[in-house]
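> upload.txt (compact mmCIF, C-alpha atoms) pasted underneath:
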# COMPACT_ATOMS: atom_id res chain seq x y z
CA MET U 14 151.60 103.60 15.33
CA LYS U 15 150.99 99.84 15.33
CA LYS U 16 147.27 100.47 15.81
CA ILE U 17 147.22 102.81 12.84
CA VAL U 18 149.01 100.28 10.61
CA ALA U 19 146.75 97.46 11.82
CA SER U 20 143.65 99.57 11.21
CA PHE U 21 144.88 100.43 7.74
CA LEU U 22 145.48 96.75 6.94
CA VAL U 23 142.04 95.75 8.17
CA TRP U 24 140.41 98.57 6.20
CA SER U 25 142.39 97.57 3.08
CA LEU U 26 141.25 93.97 3.40
CA CYS U 27 137.65 95.13 3.74
CA LEU U 28 137.94 97.20 0.59
CA VAL U 29 139.44 94.31 -1.35
CA SER U 30 136.74 91.94 -0.16
CA LEU U 31 134.01 94.43 -1.12
CA SER U 32 135.44 95.39 -4.48
CA ALA U 33 132.53 93.96 -6.45
CA ASN U 34 129.50 96.22 -6.80
CA ASP U 35 126.99 93.39 -6.50
CA LEU U 36 127.02 91.27 -3.43
CA LYS U 37 124.56 88.47 -2.93
CA LEU U 38 124.90 87.71 0.71
CA SER U 39 124.19 84.45 2.42
CA THR U 40 121.45 84.23 4.99
CA ASP U 41 123.93 83.75 7.84
CA ASN U 42 124.54 87.50 8.03
CA VAL U 43 123.62 89.48 11.09
CA SER U 44 119.89 90.01 11.10
CA VAL U 45 118.68 93.58 11.07
CA THR U 46 116.22 92.56 13.76
CA ASP U 47 119.23 92.09 16.06
CA TYR U 48 119.32 95.88 16.37
CA GLN U 49 116.57 96.99 18.73
CA ASN U 50 115.81 100.39 17.27
CA LEU U 51 117.58 100.14 13.95
CA PHE U 52 114.76 101.53 11.92
CA SER U 53 112.66 104.27 13.29
CA LEU U 54 112.79 107.04 10.73
CA LYS U 55 110.33 109.75 9.80
CA ASP U 56 108.59 109.94 6.46
CA LEU U 57 108.02 113.18 4.56
CA LYS U 58 104.97 113.98 6.70
CA GLY U 59 106.85 113.48 9.98
CA ARG U 60 105.30 110.09 10.81
CA LYS U 61 107.64 107.51 12.33
CA MET U 62 108.02 104.29 10.38
CA ASP U 63 109.89 101.16 11.40
CA LEU U 64 111.46 98.40 9.38
CA LYS U 65 109.73 95.62 11.30
CA SER U 66 106.30 96.64 9.99
CA GLN U 67 107.58 96.48 6.40
CA LEU U 68 109.30 93.10 6.81
CA THR U 69 106.01 91.39 7.64
CA LYS U 70 104.70 92.29 4.17
CA GLY U 71 107.45 90.58 2.14
CA PRO U 72 111.00 91.22 0.95
CA VAL U 73 112.10 94.83 1.29
CA VAL U 74 114.18 96.77 -1.23
CA ILE U 75 115.95 99.69 0.44
CA SER U 76 117.64 102.37 -1.61
CA PHE U 77 119.76 104.99 0.16
CA TRP U 78 119.85 108.16 -1.94
CA ALA U 79 120.46 111.90 -1.89
CA THR U 80 119.03 114.80 -3.90
CA TRP U 81 122.52 115.87 -5.00
CA CYS U 82 123.36 112.36 -6.29
CA SER U 83 122.55 112.02 -10.00
CA PRO U 84 123.09 108.22 -10.08
CA CYS U 85 120.69 107.93 -7.12
CA LEU U 86 117.96 109.76 -8.98
CA GLN U 87 118.56 107.69 -12.11
CA GLU U 88 118.26 104.48 -10.08
CA LEU U 89 115.03 105.60 -8.41
CA ILE U 90 113.54 106.59 -11.78
CA ALA U 91 114.42 103.13 -13.15
CA MET U 92 112.94 101.41 -10.09
CA SER U 93 109.77 103.51 -10.35
CA LYS U 94 108.98 101.97 -13.73
CA TYR U 95 108.71 98.50 -12.19
CA TYR U 96 107.37 99.44 -8.78
CA LYS U 97 103.73 98.45 -9.42
CA TYR U 98 104.69 95.03 -10.79
CA TYR U 99 106.95 94.04 -7.89
CA HIS U 100 104.83 95.72 -5.23
CA SER U 101 101.83 93.68 -6.43
CA LYS U 102 103.95 90.57 -5.81
CA GLY U 103 104.60 91.60 -2.19
CA VAL U 104 107.93 93.40 -2.55
CA GLN U 105 108.18 96.53 -0.40
CA PHE U 106 110.28 99.50 -1.54
CA ILE U 107 111.77 102.06 0.82
CA ALA U 108 113.84 104.98 -0.44
CA ILE U 109 115.85 106.44 2.43
CA ASN U 110 117.12 109.93 1.81
CA ILE U 111 120.46 110.81 3.42
CA ASP U 112 120.52 114.56 2.75
CA ASP U 113 121.61 116.52 5.79
CA VAL U 114 119.37 119.02 7.55
CA LYS U 115 120.58 121.87 5.30
CA THR U 116 119.61 120.18 2.01
CA GLN U 117 116.66 118.16 3.28
CA VAL U 118 114.24 120.89 2.14
CA LYS U 119 114.89 119.70 -1.42
CA VAL U 120 113.61 116.16 -0.78
CA SER U 121 109.85 116.75 -1.00
CA PRO U 122 110.04 118.81 -4.22
CA VAL U 123 112.24 116.15 -5.88
CA VAL U 124 109.88 113.34 -4.81
CA ARG U 125 106.81 115.27 -6.05
CA MET U 126 108.46 116.25 -9.33
CA ARG U 127 109.67 112.70 -10.05
CA LYS U 128 106.45 111.12 -8.68
CA PHE U 129 108.37 108.45 -6.78
CA PRO U 130 105.84 105.85 -5.59
CA PHE U 131 108.02 104.48 -2.79
CA LEU U 132 107.84 104.99 0.91
CA ILE U 133 110.32 107.85 1.44
CA LEU U 134 112.10 108.03 4.79
CA LEU U 135 114.61 110.58 6.06
CA ASP U 136 118.00 109.77 7.61
CA PRO U 137 119.55 113.26 7.94
CA ASP U 138 122.38 112.18 10.26
CA GLN U 139 123.02 109.05 8.13
CA LYS U 140 122.79 106.84 11.21
CA ILE U 141 120.92 104.05 9.44
CA PHE U 142 123.04 104.43 6.29
CA LYS U 143 126.17 103.93 8.41
CA GLN U 144 124.65 100.96 10.26
CA PHE U 145 124.28 99.31 6.86
CA LEU U 146 127.95 100.16 6.20
CA GLY U 147 127.12 102.72 3.55
CA ASP U 148 130.05 104.78 2.25
CA TYR U 149 128.39 106.63 -0.59
CA PRO U 150 125.02 106.52 -2.33
CA PRO U 151 123.28 104.97 -4.01
CA LEU U 152 123.30 101.87 -1.86
CA THR U 153 120.61 99.31 -2.63
CA LEU U 154 119.77 96.39 -0.37
CA VAL U 155 117.22 93.60 -0.35
CA LEU U 156 116.20 92.24 3.03
CA ASP U 157 114.32 89.02 3.54
CA SER U 158 111.36 88.72 5.91
CA ASN U 159 113.77 87.98 8.77
CA GLY U 160 115.62 91.25 8.20
CA ARG U 161 118.73 89.67 6.72
CA ILE U 162 120.55 91.38 3.88
CA ILE U 163 120.36 89.03 0.89
CA TYR U 164 121.41 91.43 -1.86
CA LYS U 165 123.60 94.52 -1.91
CA HIS U 166 124.58 96.86 -4.73
CA VAL U 167 126.66 100.03 -4.51
CA GLY U 168 126.50 102.75 -7.16
CA TYR U 169 124.37 102.92 -10.27
CA GLN U 170 124.87 102.70 -14.00
CA LYS U 171 122.07 102.37 -16.52
CA GLY U 172 120.99 98.73 -16.59
CA ASP U 173 121.97 97.93 -12.99
CA GLU U 174 118.29 97.75 -12.09
CA LYS U 175 118.01 94.67 -14.33
CA LYS U 176 120.31 92.79 -11.94
CA LEU U 177 118.10 93.76 -9.02
CA PHE U 178 114.92 92.74 -10.82
CA ALA U 179 116.47 89.42 -11.92
CA PHE U 180 117.37 88.78 -8.28
CA LEU U 181 113.82 89.66 -7.17
CA ASP U 182 112.37 87.37 -9.86
CA THR U 183 114.49 84.48 -8.58
CA LEU U 184 113.55 85.28 -5.00
CA LEU U 185 109.84 85.37 -5.82
CA GLU U 186 110.04 82.09 -7.76
CA THR U 187 111.43 80.30 -4.71
CA LYS U 188 108.62 81.53 -2.44
So that I can check it, write out the structure of this file as structure tokens.


Amino acid sequence: MKKIVASFLVWSLCLVSLSANDLKLSTDNVSVTDYQNLFSLKDLKGRKMDLKSQLTKGPVVISFWATWCSPCLQELIAMSKYYKYYHSKGVQFIAINIDDVKTQVKVSPVVRMRKFPFLILLDPDQKIFKQFLGDYPPLTLVLDSNGRIIYKHVGYQKGDEKKLFAFLDTLLETK
């Protein structure tokens, strides 16, 4: 019983500390590169992709999304509008779909219909999503070239993308 109460208290403290949607994290966080095989996911064509190869190209924006998540789709549509601009400045975009095996057949048609320009990866068992402490999508992260999380946003409302782009602008100015 004491373990249950202690676990509840720890979980409650975590929720209180993460109550804000936007988190700009310091660079002393655990580096993603500390996990040996953190990122080895397949793309829509079945090719394996890893995070390390993307980190060498510049900061990486990762958006965890699902086909059944309307805010996710709205966020990806908003990001698509600015993709070319930020990609030309060296920012990499990865959209990681977390649909399970049953609904994963919907991913390719949604991507084609919406013409998402991002690298789309599949995380059907949500292993990577959970490693990034995802509870529900959309979850958007920015990782620096060392694999550290430097920006985190949970959820989406129209205009949230402006916060992300302002952060990216500041990040690119300091390069």

> I want to know what sits within 7 Å of segment 138-153 of chain U, based on only C-alpha atoms, with residues of the same chain fewer than 3 positions away left out; could you give that as a PyMOL selection string?

chain U and resi 51+75-78+84-85+111+113+165-169

> Excluding segment 61-67 of chain U and any residue of its chain fewer than 6 positions from it, enumerate the residues within 8 Å of it, using all atoms listed in the file, and give them as a list in words.

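In the requested format, the answer is Thr46, Leu51, Phe52, Ser53, Leu54, Lys55, Val73, Gln105, Leu134 and Gly160 of chain U.
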
> Within 8 Å of Asp112 of chain U, counting only C-alpha atoms, which residues qualify if same-chain residues fewer than 5 places away don't, as a count of residues only?

8

> List the spatial neighbours of segment 87-98 of chain U as a PyMOL selection string - criterion: any atom at most 7 Å away, all atoms listed in the file, same-chain residues fewer than 5 positions off excluded.

chain U and resi 129-130+169+174

> I need the residue nearest Leu86 of chain U from this list: U:Val123, U:Val74, U:Ile163, U:Leu156. Use only C-alpha atoms for the distance.

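Residue with the minimum atom-to-atom distance to Leu86 of chain U: U:Val123.
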
> Please report the interatomic distance between atom CA of Leu181 of chain U and atom CA of Val155 of chain U in Å with one decimal.

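One can read the atom CA of Leu181 of chain U to atom CA of Val155 of chain U distance as 8.6 Å.
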
> From the set U:Val114, U:Val104, U:Ile133, U:Ile109, which residue has the shortest atom-to-atom contact distance to Leu185 of chain U, counting all atoms listed in the file?

U:Val104

> Quote the spacing between atom CA of Ala108 of chain U and atom CA of Phe131 of chain U in Å to one decimal place.

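A separation of 6.3 Å between them.
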